[in-house]
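Next comes my_file.tsv, a file with TSV, C-alpha atoms.
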chain	number	residue	atom	x	y	z
A	1	MET	CA	-29.25	-8.90	-12.25
A	2	THR	CA	-28.76	-12.34	-13.71
A	3	MET	CA	-30.59	-15.44	-12.58
A	4	ALA	CA	-27.45	-16.74	-10.91
A	5	GLU	CA	-27.14	-13.59	-8.84
A	6	GLN	CA	-30.75	-13.83	-7.76
A	7	THR	CA	-30.24	-17.35	-6.47
A	8	SER	CA	-26.96	-16.50	-4.80
A	9	PHE	CA	-26.82	-15.57	-1.15
A	10	ASP	CA	-23.47	-13.90	-1.54
A	11	PRO	CA	-23.19	-10.15	-2.04
A	12	PRO	CA	-22.69	-8.84	-5.58
A	13	TYR	CA	-19.20	-7.72	-6.53
A	14	LEU	CA	-20.39	-4.22	-7.39
A	15	HIS	CA	-22.20	-2.53	-4.52
A	16	PRO	CA	-21.63	1.23	-4.91
A	17	ASP	CA	-22.81	2.00	-1.35
A	18	TYR	CA	-19.55	0.29	-0.38
A	19	ARG	CA	-17.31	2.66	-2.28
A	20	SER	CA	-14.25	0.45	-2.61
A	21	THR	CA	-16.18	-1.97	-4.83
A	22	VAL	CA	-16.44	0.58	-7.65
A	23	LEU	CA	-12.89	0.23	-8.96
A	24	ARG	CA	-12.39	-3.34	-7.82
A	25	ALA	CA	-15.48	-5.29	-8.88
A	26	PRO	CA	-14.90	-7.17	-12.13
A	27	THR	CA	-17.05	-5.76	-14.93
A	28	ARG	CA	-17.25	-8.84	-17.14
A	29	PRO	CA	-19.40	-11.84	-16.29
A	30	LEU	CA	-17.55	-14.59	-14.47
A	31	VAL	CA	-16.88	-17.64	-16.62
A	32	ARG	CA	-19.03	-20.46	-15.45
A	33	LEU	CA	-17.70	-24.00	-15.52
A	34	PRO	CA	-19.20	-27.32	-14.51
A	35	ASN	CA	-19.00	-27.65	-10.69
A	36	GLU	CA	-16.61	-30.55	-10.72
A	37	TRP	CA	-13.77	-28.59	-12.28
A	38	PHE	CA	-13.18	-26.63	-9.15
A	39	HIS	CA	-14.57	-29.14	-6.68
A	40	ASN	CA	-11.69	-31.28	-7.91
A	41	ALA	CA	-9.18	-28.81	-6.48
A	42	PRO	CA	-8.67	-30.12	-2.96
A	43	GLY	CA	-7.96	-27.80	-0.09
A	44	PRO	CA	-4.53	-27.07	1.29
A	45	ALA	CA	-2.55	-29.25	3.65
A	46	PHE	CA	-2.88	-27.44	6.94
A	47	GLY	CA	0.57	-28.41	8.10
A	48	ARG	CA	1.59	-25.27	6.25
A	49	VAL	CA	-0.24	-22.92	8.59
A	50	PRO	CA	1.10	-23.44	12.11
A	51	VAL	CA	-1.66	-23.89	14.71
A	52	ALA	CA	-0.86	-24.05	18.45
A	53	PRO	CA	-3.59	-24.81	21.02
A	54	SER	CA	-2.96	-21.39	22.61
A	55	ASP	CA	-3.85	-19.68	19.30
A	56	ALA	CA	-7.55	-20.11	20.11
A	57	ASP	CA	-7.38	-17.92	23.24
A	58	LEU	CA	-6.79	-14.31	22.20
A	59	THR	CA	-6.82	-13.18	25.84
A	60	ARG	CA	-3.64	-15.09	26.71
A	61	GLN	CA	-1.21	-14.09	24.01
A	62	HIS	CA	0.58	-11.44	26.09
A	63	GLN	CA	1.90	-10.84	29.61
A	64	GLY	CA	-1.34	-9.40	30.90
A	65	GLU	CA	-5.00	-9.65	30.05
A	66	PRO	CA	-6.58	-7.40	27.44
A	67	LEU	CA	-9.17	-4.82	28.40
A	68	GLY	CA	-12.76	-5.36	27.38
A	69	GLN	CA	-15.66	-7.76	27.85
A	70	ARG	CA	-14.32	-11.31	27.74
A	71	ILE	CA	-16.35	-13.48	25.32
A	72	ILE	CA	-16.42	-17.02	24.00
A	73	ILE	CA	-17.34	-17.62	20.36
A	74	THR	CA	-18.10	-21.19	19.43
A	75	GLY	CA	-20.05	-23.10	16.82
A	76	ARG	CA	-19.89	-25.75	14.16
A	77	VAL	CA	-18.62	-25.66	10.61
A	78	LEU	CA	-20.97	-27.60	8.32
A	79	ASP	CA	-21.38	-27.92	4.60
A	80	SER	CA	-24.66	-27.03	2.91
A	81	ASP	CA	-25.49	-30.73	2.75
A	82	GLY	CA	-25.42	-30.71	6.57
A	83	ARG	CA	-22.18	-32.61	7.06
A	84	PRO	CA	-19.78	-31.43	9.77
A	85	MET	CA	-16.39	-30.27	8.54
A	86	PRO	CA	-13.79	-31.79	10.89
A	87	ASN	CA	-10.16	-30.75	11.06
A	88	THR	CA	-10.61	-27.60	9.00
A	89	LEU	CA	-8.66	-24.42	9.65
A	90	VAL	CA	-10.53	-21.43	11.11
A	91	GLU	CA	-8.67	-18.11	11.29
A	92	ILE	CA	-10.07	-15.01	12.98
A	93	TRP	CA	-8.99	-11.41	13.39
A	94	GLN	CA	-10.59	-8.37	14.95
A	95	ALA	CA	-10.26	-4.89	16.45
A	96	ASN	CA	-9.63	-4.52	20.18
A	97	ALA	CA	-12.26	-3.42	22.70
A	98	ALA	CA	-11.71	0.22	21.74
A	99	GLY	CA	-12.30	-0.45	18.04
A	100	ARG	CA	-8.63	-0.28	17.00
A	101	TYR	CA	-6.74	-2.85	14.94
A	102	VAL	CA	-3.11	-3.66	15.61
A	103	ASP	CA	-2.58	-3.23	11.85
A	104	PRO	CA	-0.24	-0.29	11.16
A	105	GLY	CA	-2.67	0.92	8.49
A	106	ASP	CA	-5.36	1.63	11.10
A	107	ASP	CA	-5.16	5.30	12.11
A	108	HIS	CA	-8.36	5.46	14.15
A	109	PRO	CA	-7.45	7.53	17.24
A	110	ALA	CA	-8.48	4.89	19.78
A	111	PRO	CA	-5.92	3.24	22.04
A	112	LEU	CA	-4.00	0.11	21.19
A	113	ASP	CA	-3.99	-2.52	23.91
A	114	PRO	CA	-0.50	-3.90	24.63
A	115	ASN	CA	-2.16	-7.12	25.78
A	116	PHE	CA	-4.21	-7.75	22.66
A	117	THR	CA	-3.21	-8.60	19.11
A	118	GLY	CA	-6.59	-9.78	17.86
A	119	ALA	CA	-5.59	-12.76	15.69
A	120	GLY	CA	-6.42	-16.40	16.38
A	121	ARG	CA	-6.68	-19.76	14.69
A	122	CYS	CA	-7.80	-23.28	15.43
A	123	LEU	CA	-8.76	-26.52	13.72
A	124	THR	CA	-12.31	-27.84	14.05
A	125	ASP	CA	-12.77	-31.04	16.06
A	126	ALA	CA	-14.33	-34.29	14.83
A	127	ASP	CA	-17.84	-32.73	15.00
A	128	GLY	CA	-16.77	-29.62	13.10
A	129	ARG	CA	-16.70	-27.56	16.29
A	130	TYR	CA	-14.47	-24.53	16.90
A	131	ARG	CA	-14.09	-22.35	19.99
A	132	PHE	CA	-12.33	-19.03	20.59
A	133	VAL	CA	-11.91	-16.93	23.72
A	134	THR	CA	-11.46	-13.24	22.99
A	135	VAL	CA	-12.82	-9.81	23.95
A	136	GLN	CA	-15.82	-8.03	22.48
A	137	PRO	CA	-14.47	-5.89	19.60
A	138	GLY	CA	-15.44	-2.23	19.48
A	139	ALA	CA	-17.19	-0.49	16.62
A	140	TYR	CA	-14.97	1.84	14.62
A	141	PRO	CA	-15.33	4.67	12.12
A	142	TRP	CA	-14.34	4.37	8.46
A	143	ARG	CA	-14.36	6.85	5.62
A	144	ASN	CA	-16.83	5.21	3.27
A	145	HIS	CA	-19.39	7.98	3.77
A	146	PRO	CA	-19.98	10.77	6.32
A	147	ASN	CA	-20.26	9.46	9.88
A	148	ALA	CA	-19.73	5.87	8.77
A	149	TRP	CA	-19.17	3.28	11.52
A	150	ARG	CA	-18.62	-0.45	11.14
A	151	PRO	CA	-20.72	-2.56	13.50
A	152	ALA	CA	-18.65	-4.69	15.86
A	153	HIS	CA	-17.49	-7.77	14.01
A	154	VAL	CA	-14.98	-10.59	13.95
A	155	HIS	CA	-13.41	-11.59	10.63
A	156	PHE	CA	-13.42	-15.31	9.85
A	157	SER	CA	-11.47	-17.26	7.23
A	158	LEU	CA	-12.48	-20.89	6.61
A	159	PHE	CA	-11.42	-23.59	4.18
A	160	GLY	CA	-13.53	-26.76	4.03
A	161	PRO	CA	-12.67	-29.61	1.70
A	162	ASP	CA	-12.01	-27.88	-1.60
A	163	LEU	CA	-11.68	-24.65	-3.50
A	164	ALA	CA	-15.42	-24.14	-3.80
A	165	SER	CA	-15.88	-24.12	-0.04
A	166	ARG	CA	-13.31	-21.37	0.66
A	167	LEU	CA	-14.95	-18.61	2.67
A	168	VAL	CA	-13.86	-15.30	4.15
A	169	THR	CA	-16.59	-13.49	6.02
A	170	GLN	CA	-17.47	-11.47	9.12
A	171	MET	CA	-19.47	-12.37	12.22
A	172	TYR	CA	-21.67	-9.72	13.82
A	173	PHE	CA	-23.24	-9.42	17.29
A	174	PRO	CA	-26.98	-9.60	17.92
A	175	GLY	CA	-28.80	-6.33	18.44
A	176	ASP	CA	-26.00	-4.10	17.17
A	177	PRO	CA	-27.73	-0.83	16.13
A	178	LEU	CA	-25.08	-0.17	13.47
A	179	MET	CA	-26.00	-3.19	11.36
A	180	PRO	CA	-28.81	-1.53	9.38
A	181	HIS	CA	-26.43	1.31	8.47
A	182	ASP	CA	-23.54	-0.86	7.31
A	183	PRO	CA	-23.19	-1.11	3.51
A	184	ILE	CA	-20.91	-4.15	3.81
A	185	LEU	CA	-23.48	-6.22	5.71
A	186	GLN	CA	-26.38	-4.70	3.76
A	187	SER	CA	-24.72	-5.67	0.46
A	188	ILE	CA	-26.34	-9.07	1.04
A	189	ALA	CA	-29.83	-8.71	-0.38
A	190	ASP	CA	-31.40	-11.78	1.21
A	191	LEU	CA	-32.51	-11.23	4.83
A	192	ARG	CA	-32.06	-14.89	5.79
A	193	ALA	CA	-28.55	-14.83	4.39
A	194	ARG	CA	-27.73	-11.64	6.31
A	195	GLU	CA	-29.00	-13.23	9.49
A	196	ARG	CA	-26.53	-16.06	8.92
A	197	LEU	CA	-23.79	-13.58	9.79
A	198	VAL	CA	-25.22	-12.64	13.19
A	199	ALA	CA	-24.17	-14.76	16.17
A	200	ARG	CA	-26.65	-15.50	18.92
A	201	PHE	CA	-26.09	-14.95	22.61
A	202	ASP	CA	-26.04	-18.33	24.33
A	203	LEU	CA	-26.39	-18.77	28.08
A	204	ASP	CA	-25.15	-22.37	27.85
A	205	THR	CA	-21.89	-21.17	26.31
A	206	THR	CA	-21.63	-18.32	28.81
A	207	GLU	CA	-19.33	-19.22	31.71
A	208	PRO	CA	-20.41	-17.99	35.16
A	209	GLU	CA	-18.17	-15.31	36.66
A	210	TRP	CA	-16.03	-15.44	33.54
A	211	ALA	CA	-17.25	-14.73	29.98
A	212	LEU	CA	-20.31	-14.18	27.80
A	213	GLY	CA	-20.97	-16.87	25.22
A	214	TYR	CA	-21.97	-16.55	21.56
A	215	ARG	CA	-22.91	-19.32	19.18
A	216	TRP	CA	-22.22	-19.00	15.49
A	217	ASP	CA	-22.45	-21.88	13.02
A	218	VAL	CA	-20.88	-21.55	9.60
A	219	VAL	CA	-22.28	-23.28	6.53
A	220	LEU	CA	-19.79	-23.81	3.72
A	221	ARG	CA	-20.96	-24.61	0.25
A	222	GLY	CA	-21.21	-28.37	-0.25
A	223	ARG	CA	-20.77	-30.44	-3.36
A	224	ASN	CA	-24.33	-29.91	-4.49
A	225	ALA	CA	-24.20	-26.15	-4.21
A	226	THR	CA	-24.61	-23.95	-7.26
A	227	PRO	CA	-21.70	-21.81	-8.39
A	228	THR	CA	-22.29	-18.22	-7.38
A	229	GLY	CA	-21.69	-14.94	-9.11
A	230	ALA	CA	-21.98	-16.20	-12.70
B	231	MET	CA	-29.32	-27.70	-1.52
B	232	GLY	CA	-30.11	-27.76	2.19
B	233	GLU	CA	-28.94	-24.97	4.46
B	234	ILE	CA	-28.31	-21.45	3.19
B	235	PRO	CA	-24.53	-21.10	2.91
B	236	THR	CA	-22.94	-18.44	5.08
B	237	PRO	CA	-22.45	-15.44	2.80
B	238	SER	CA	-19.09	-13.92	2.00
B	239	GLN	CA	-17.87	-10.55	3.29
B	240	THR	CA	-14.77	-8.62	2.35
B	241	VAL	CA	-11.42	-9.48	3.91
B	242	GLY	CA	-11.16	-5.71	4.61
B	243	PRO	CA	-7.94	-3.74	4.81
B	244	PHE	CA	-6.60	-4.95	8.17
B	245	PHE	CA	-5.79	-8.66	7.79
B	246	GLY	CA	-2.02	-8.22	7.50
B	247	PHE	CA	-1.30	-9.06	11.14
B	248	ALA	CA	-3.41	-12.21	11.04
B	249	LEU	CA	-3.40	-14.11	7.75
B	250	PRO	CA	0.17	-14.01	6.43
B	251	PHE	CA	2.38	-16.70	8.00
B	252	ALA	CA	6.11	-17.35	7.97
B	253	ALA	CA	7.35	-18.33	4.50
B	254	GLY	CA	3.73	-18.51	3.40
B	255	GLU	CA	4.66	-17.48	-0.14
B	256	ARG	CA	6.80	-20.58	-0.60
B	257	ALA	CA	5.00	-23.85	-1.23
B	258	VAL	CA	8.34	-25.56	-1.92
B	259	ASP	CA	11.78	-25.03	-0.50
B	260	GLY	CA	14.31	-22.98	-2.39
B	261	ALA	CA	16.34	-26.00	-3.44
B	262	ALA	CA	13.54	-27.86	-5.23
B	263	GLN	CA	14.50	-28.52	-8.85
B	264	ASP	CA	11.08	-27.89	-10.32
B	265	ARG	CA	10.33	-24.73	-8.38
B	266	VAL	CA	9.05	-21.68	-10.18
B	267	ARG	CA	8.87	-18.12	-8.90
B	268	ILE	CA	5.74	-16.21	-9.81
B	269	GLU	CA	5.51	-12.45	-9.52
B	270	GLY	CA	2.71	-10.13	-10.38
B	271	GLN	CA	0.83	-7.00	-9.56
B	272	LEU	CA	-2.77	-6.66	-8.46
B	273	LEU	CA	-4.34	-3.64	-10.18
B	274	ASP	CA	-7.68	-1.85	-9.89
B	275	GLY	CA	-9.87	-0.27	-12.54
B	276	ALA	CA	-7.85	2.94	-12.53
B	277	GLY	CA	-4.69	0.93	-13.14
B	278	GLU	CA	-3.57	1.67	-9.58
B	279	PRO	CA	-1.85	-0.99	-7.48
B	280	VAL	CA	-3.97	-2.68	-4.83
B	281	PRO	CA	-1.78	-2.54	-1.71
B	282	ASP	CA	-4.23	-4.40	0.53
B	283	GLY	CA	-4.78	-7.60	-1.41
B	284	LEU	CA	-4.15	-11.21	-0.48
B	285	LEU	CA	-3.64	-14.00	-3.00
B	286	GLU	CA	-3.62	-17.75	-2.46
B	287	VAL	CA	-2.39	-20.56	-4.67
B	288	TRP	CA	-4.27	-23.85	-4.50
B	289	GLN	CA	-3.02	-26.65	-6.65
B	290	ALA	CA	-2.08	-30.31	-6.42
B	291	GLY	CA	-1.66	-30.24	-2.66
B	292	GLN	CA	0.24	-26.96	-2.77
B	293	PHE	CA	-0.91	-23.98	-0.76
B	294	ALA	CA	0.75	-20.59	-0.60
B	295	ARG	CA	-0.39	-17.17	0.49
B	296	SER	CA	1.01	-13.75	-0.42
B	297	ARG	CA	-0.03	-10.32	0.72
B	298	THR	CA	0.45	-7.54	-1.81
B	299	ASP	CA	2.96	-4.84	-0.91
B	300	SER	CA	2.60	-1.06	-1.27
B	301	GLU	CA	3.04	-1.46	-5.05
B	302	GLY	CA	0.39	-4.17	-5.28
B	303	VAL	CA	3.09	-6.78	-5.89
B	304	PHE	CA	2.68	-10.39	-4.81
B	305	HIS	CA	4.97	-13.37	-5.30
B	306	PHE	CA	4.96	-17.13	-4.86
B	307	VAL	CA	7.48	-19.93	-5.11
B	308	VAL	CA	5.70	-23.12	-6.09
B	309	ARG	CA	6.33	-26.40	-7.85
B	310	LYS	CA	5.16	-26.37	-11.43
B	311	PRO	CA	2.31	-28.88	-11.43
B	312	PRO	CA	1.89	-31.60	-14.07
B	313	ALA	CA	-1.02	-31.84	-16.47
B	314	ILE	CA	-3.95	-33.41	-14.66
B	315	PRO	CA	-7.00	-35.34	-15.74
B	316	GLY	CA	-10.29	-33.48	-15.72
B	317	PRO	CA	-13.84	-34.76	-15.91
B	318	ASN	CA	-14.96	-36.63	-19.05
B	319	GLY	CA	-11.51	-37.92	-19.90
B	320	ALA	CA	-10.14	-34.49	-20.83
B	321	THR	CA	-6.60	-33.46	-19.86
B	322	GLN	CA	-6.06	-30.13	-18.16
B	323	ALA	CA	-2.88	-28.25	-19.00
B	324	PRO	CA	-0.59	-27.51	-16.03
B	325	HIS	CA	-2.06	-24.60	-14.12
B	326	LEU	CA	-2.39	-23.00	-10.70
B	327	ASN	CA	-5.68	-22.00	-9.13
B	328	LEU	CA	-5.42	-18.49	-7.70
B	329	ILE	CA	-7.78	-16.87	-5.21
B	330	VAL	CA	-7.83	-13.08	-4.82
B	331	PHE	CA	-9.03	-11.25	-1.71
B	332	ALA	CA	-9.00	-7.49	-1.12
B	333	ARG	CA	-10.79	-4.63	0.53
B	334	GLY	CA	-13.60	-3.81	-1.88
B	335	LEU	CA	-14.08	-7.43	-2.93
B	336	LEU	CA	-17.22	-8.56	-1.13
B	337	LYS	CA	-16.42	-12.08	-2.29
B	338	HIS	CA	-13.06	-13.45	-3.36
B	339	LEU	CA	-12.26	-14.02	-7.02
B	340	VAL	CA	-10.97	-17.23	-8.55
B	341	THR	CA	-8.71	-17.35	-11.57
B	342	ARG	CA	-6.11	-19.66	-13.10
B	343	LEU	CA	-2.50	-19.22	-14.09
B	344	TYR	CA	-1.32	-21.19	-17.13
B	345	PHE	CA	2.31	-21.62	-18.19
B	346	PRO	CA	3.78	-19.95	-21.28
B	347	ASP	CA	5.93	-22.97	-22.22
B	348	GLU	CA	2.87	-25.23	-22.52
B	349	ALA	CA	1.39	-23.82	-25.73
B	350	SER	CA	0.35	-27.22	-27.01
B	351	ALA	CA	-1.33	-28.34	-23.77
B	352	ASN	CA	-2.90	-24.91	-23.36
B	353	SER	CA	-4.43	-25.10	-26.83
B	354	THR	CA	-6.49	-28.14	-25.86
B	355	ASP	CA	-7.16	-27.25	-22.21
B	356	PRO	CA	-10.90	-27.67	-21.62
B	357	VAL	CA	-11.14	-24.68	-19.28
B	358	LEU	CA	-9.28	-22.28	-21.56
B	359	GLN	CA	-11.59	-23.40	-24.34
B	360	GLN	CA	-14.55	-22.09	-22.35
B	361	VAL	CA	-12.94	-18.65	-22.33
B	362	ASP	CA	-13.39	-16.03	-25.05
B	363	PRO	CA	-10.25	-16.40	-27.27
B	364	GLU	CA	-9.70	-12.63	-27.02
B	365	ARG	CA	-9.35	-12.90	-23.25
B	366	ARG	CA	-7.34	-16.14	-22.87
B	367	HIS	CA	-4.07	-14.24	-22.76
B	368	THR	CA	-5.06	-12.84	-19.35
B	369	LEU	CA	-4.65	-16.35	-17.92
B	370	ILE	CA	-1.21	-17.12	-19.33
B	371	ALA	CA	1.88	-15.99	-17.42
B	372	HIS	CA	4.92	-14.77	-19.29
B	373	ALA	CA	8.59	-15.44	-18.61
B	374	ALA	CA	10.49	-12.45	-17.25
B	375	GLY	CA	14.00	-12.57	-15.80
B	376	GLY	CA	13.97	-16.11	-14.46
B	377	ALA	CA	10.47	-15.78	-13.01
B	378	LEU	CA	6.97	-15.96	-14.37
B	379	HIS	CA	5.03	-12.72	-14.47
B	380	PHE	CA	1.27	-12.72	-13.96
B	381	ASP	CA	-0.64	-9.50	-13.33
B	382	VAL	CA	-4.20	-9.59	-12.07
B	383	HIS	CA	-6.40	-6.80	-13.44
B	384	LEU	CA	-9.66	-6.44	-11.54
B	385	GLN	CA	-11.09	-4.23	-14.30
B	386	GLY	CA	-10.09	-2.54	-17.53
B	387	GLU	CA	-9.17	-3.51	-21.04
B	388	SER	CA	-7.05	-6.42	-19.80
B	389	GLU	CA	-9.49	-7.47	-17.08
B	390	THR	CA	-8.41	-10.91	-15.92
B	391	VAL	CA	-10.82	-13.75	-16.57
B	392	PHE	CA	-12.41	-14.86	-13.30
B	393	PHE	CA	-14.42	-18.01	-12.79
B	394	ALA	CA	-17.72	-18.64	-11.06
B	395	VAL	CA	-17.05	-21.27	-8.42
Entire entry expressed as structure tokens:
Amino acid sequence: MTMAEQTSFDPPYLHPDYRSTVLRAPTRPLVRLPNEWFHNAPGPAFGRVPVAPSDADLTRQHQGEPLGQRIIITGRVLDSDGRPMPNTLVEIWQANAAGRYVDPGDDHPAPLDPNFTGAGRCLTDADGRYRFVTVQPGAYPWRNHPNAWRPAHVHFSLFGPDLASRLVTQMYFPGDPLMPHDPILQSIADLRARERLVARFDLDTTEPEWALGYRWDVVLRGRNATPTGA
Amino acid sequence: MGEIPTPSQTVGPFFGFALPFAAGERAVDGAAQDRVRIEGQLLDGAGEPVPDGLLEVWQAGQFARSRTDSEGVFHFVVRKPPAIPGPNGATQAPHLNLIVFARGLLKHLVTRLYFPDEASANSTDPVLQQVDPERRHTLIAHAAGGALHFDVHLQGESETVFFAV
């Protein structure tokens, strides 16, 4: 392990416990450039990705309501210098309450829900805040190893101001007993960094007679951050 | 550095219903004079196509997104960017920043596409000069049938050069 990997909070590319990394992780060291080369590549104009206000409520995208525990996920997007990231695109996608994705590639024999697609997007407000209404995703099996199950999670894609802040990650739920067994989450060596991916239950976000609330803040790499993976 | 950045996790295999958007591969309309079509294949260490990859172009205000198909093929239609200034007074040859996501990539990869008709600018590009001369060819597209061809090899003899960002 190089020094850069030790100081990085990201997972390594090669993590054989997650089998798909073996033929896909680059084998040569990444070429390291001065930060400013890539920090100079500004992020995309979000006019390109259409965002409607209704895209943030995954429970109202069909005729009826989806099955499952209704939840609210909200938090702030910050950079690692502590600045809020306003007006940045947040995209999410997830399995339904039964642990099945709408994606035609998902052959897990759990039911699809005609009232749930599982994709949402929004832009953060002036304080960097985002908010989604959705249903609690189910855990689901995968074929990485015998009796392998992914903990319940919501996929997140975030942009921030420039190329260096681009982030695709997954949010997990507190107390999920599958987390210690998941090679994707456990690929992150640093405990504090792993804990960054776990939302916290929040009674203030919870709406009486309506939905459980989870808080999850996202910290994108700021201008002073070190390149990772070199 | 203050807060610990949120770590990356793989995009997984099931993003196809969520991340692609209408005409997302086209950063310019089909009538633009300076448009260029880019086609390529995303390949794994066994030389097999990666059918569950997602690539993004980020350059000069352009953004495009392409999901690979069952043959690992992606494509973009973008405007060829001009040379741009870099730090320390250097000039960067025209190029596109490319980001690669896929199942099995715990963190995305960043690479650059350079243009084959810019040999002179490429020869003095400060980023290409940081790259082992033996591997620079992996960053230069080649002209093929009215398009530019640019394969991305995650591993192997022709492993594409990726950058730490």
Next on the checklist: Can you work out which residues from chain B touch chain A at a cut-off of 8 Å (counting all atoms listed in the file) and hand them back as JSON, numbers by chain?
Outcome noted: {"B": [231, 232, 233, 234, 235, 236, 237, 238, 239, 240, 241, 243, 244, 245, 246, 247, 248, 249, 251, 254, 274, 275, 276, 288, 289, 290, 291, 292, 293, 316, 317, 333, 334, 335, 336, 337, 338, 357, 360, 361, 384, 385, 389, 391, 392, 393, 394, 395]}
Item to check | Separation of atom CA of A:Pro137 from atom CA of A:Ala98, in Å and rounded to one decimal | outcome: 7.0 Å
Checklist entry - In Å, with one decimal, what is the gap from atom CA of B:Val330 to atom CA of B:His305? => result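 Result for atom CA of B:Val330 versus atom CA of B:His305: 12.8 Å, one decimal.
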Checklist entry - Using all atoms listed in the file, which residues sit within 10 Å of A:Val135 once same-chain residues fewer than 6 positions away are excluded, as a list in words? => result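 The residues satisfying every condition are Asp57, Leu58, Thr59, Glu65, Pro66, Leu67, Gly68, Gln69, Arg70, Ile71, Ile72, Ile73, Gln94, Ala95, Asn96, Ala97, Phe116, Gly118, Ala211 and Leu212 of chain A.
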Item to check | Shell of 8 Å around B:Asp355, all atoms listed in the file, local chain residues under 5 positions omitted, as a list in words | outcome: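 Result of the neighbour search: Ala320, Thr321, Gln322 and Ala323 of chain B.
Closest approach to B:Arg295 among B:His383, B:Arg256, B:His372, B:Arg366 is made by B:Arg256 (distances from all atoms listed in the file).
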Item to check | Atom-to-atom span, atom CA of A:Asp113 and atom CA of B:Ser300, Å | outcome: 26.1 Å
Report as JSON the centre and the edge lengths, in Å to one decimal, of the axis-aligned box holding every listed atom of stretch 239-244 of chain B, padded by 5 Å on each side.
{"center_x": -12.2, "center_y": -7.1, "center_z": 5.3, "size_x": 21.3, "size_y": 16.8, "size_z": 15.8}
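Each of A:Ala189, A:Ala152, A:Ala139, A:Leu158 was compared to A:Val90 using all atoms listed in the file, and A:Leu158 turns out to be the nearest.
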Checklist entry - Residues at most 10 Å from stretch 141-149 of chain A, counting only C-alpha atoms, excluding those fewer than 4 positions away in the same chain, as a VMD selection string? => result chain A and resid 17 to 20 99 to 100 106 to 109 178 to 179 181 to 183
Go ahead and write the selection's residues with C-alpha atoms as a PDB file, keeping the file's coordinate frame.
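Output file again.pdb follows:
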ATOM      1  CA  ASP A  17     -22.810   2.000  -1.350  1.00  0.00           C
ATOM      2  CA  TYR A  18     -19.550   0.290  -0.380  1.00  0.00           C
ATOM      3  CA  ARG A  19     -17.310   2.660  -2.280  1.00  0.00           C
ATOM      4  CA  SER A  20     -14.250   0.450  -2.610  1.00  0.00           C
ATOM      5  CA  GLY A  99     -12.300  -0.450  18.040  1.00  0.00           C
ATOM      6  CA  ARG A 100      -8.630  -0.280  17.000  1.00  0.00           C
ATOM      7  CA  ASP A 106      -5.360   1.630  11.100  1.00  0.00           C
ATOM      8  CA  ASP A 107      -5.160   5.300  12.110  1.00  0.00           C
ATOM      9  CA  HIS A 108      -8.360   5.460  14.150  1.00  0.00           C
ATOM     10  CA  PRO A 109      -7.450   7.530  17.240  1.00  0.00           C
ATOM     11  CA  LEU A 178     -25.080  -0.170  13.470  1.00  0.00           C
ATOM     12  CA  MET A 179     -26.000  -3.190  11.360  1.00  0.00           C
ATOM     13  CA  HIS A 181     -26.430   1.310   8.470  1.00  0.00           C
ATOM     14  CA  ASP A 182     -23.540  -0.860   7.310  1.00  0.00           C
ATOM     15  CA  PRO A 183     -23.190  -1.110   3.510  1.00  0.00           C
TER      16      PRO A 183
END
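Of the listed residues B:Arg267, B:Arg297, B:Arg365, B:Arg309, the one whose atoms come nearest to B:His379 is B:Arg267, with distances taken using all atoms listed in the file.
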Missing atoms in stretch 10-19 of chain A should be modelled up to N, CA and C atoms and reported as a compact mmCIF listing (two decimals), in the frame of the given file.
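The resulting file, out.txt, is reproduced below:
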# COMPACT_ATOMS: atom_id res chain seq x y z
N ASP A 10 -24.64 -14.75 -1.73
CA ASP A 10 -23.47 -13.90 -1.54
C ASP A 10 -23.78 -12.49 -2.02
N PRO A 11 -23.02 -11.51 -1.52
CA PRO A 11 -23.19 -10.15 -2.04
C PRO A 11 -22.74 -10.07 -3.49
N PRO A 12 -23.21 -9.06 -4.23
CA PRO A 12 -22.69 -8.84 -5.58
C PRO A 12 -21.28 -8.27 -5.48
N TYR A 13 -20.52 -8.36 -6.56
CA TYR A 13 -19.20 -7.72 -6.53
C TYR A 13 -19.34 -6.20 -6.50
N LEU A 14 -20.22 -5.68 -7.34
CA LEU A 14 -20.39 -4.22 -7.39
C LEU A 14 -21.53 -3.81 -6.47
N HIS A 15 -21.20 -3.04 -5.46
CA HIS A 15 -22.20 -2.53 -4.52
C HIS A 15 -21.76 -1.11 -4.19
N PRO A 16 -22.20 -0.11 -5.00
CA PRO A 16 -21.63 1.23 -4.91
C PRO A 16 -21.76 1.89 -3.54
N ASP A 17 -22.74 1.46 -2.72
CA ASP A 17 -22.81 2.00 -1.35
C ASP A 17 -21.53 1.69 -0.57
N TYR A 18 -20.88 0.61 -0.93
CA TYR A 18 -19.55 0.29 -0.38
C TYR A 18 -18.57 0.74 -1.46
N ARG A 19 -18.01 1.92 -1.23
CA ARG A 19 -17.31 2.66 -2.28
C ARG A 19 -16.14 1.90 -2.91
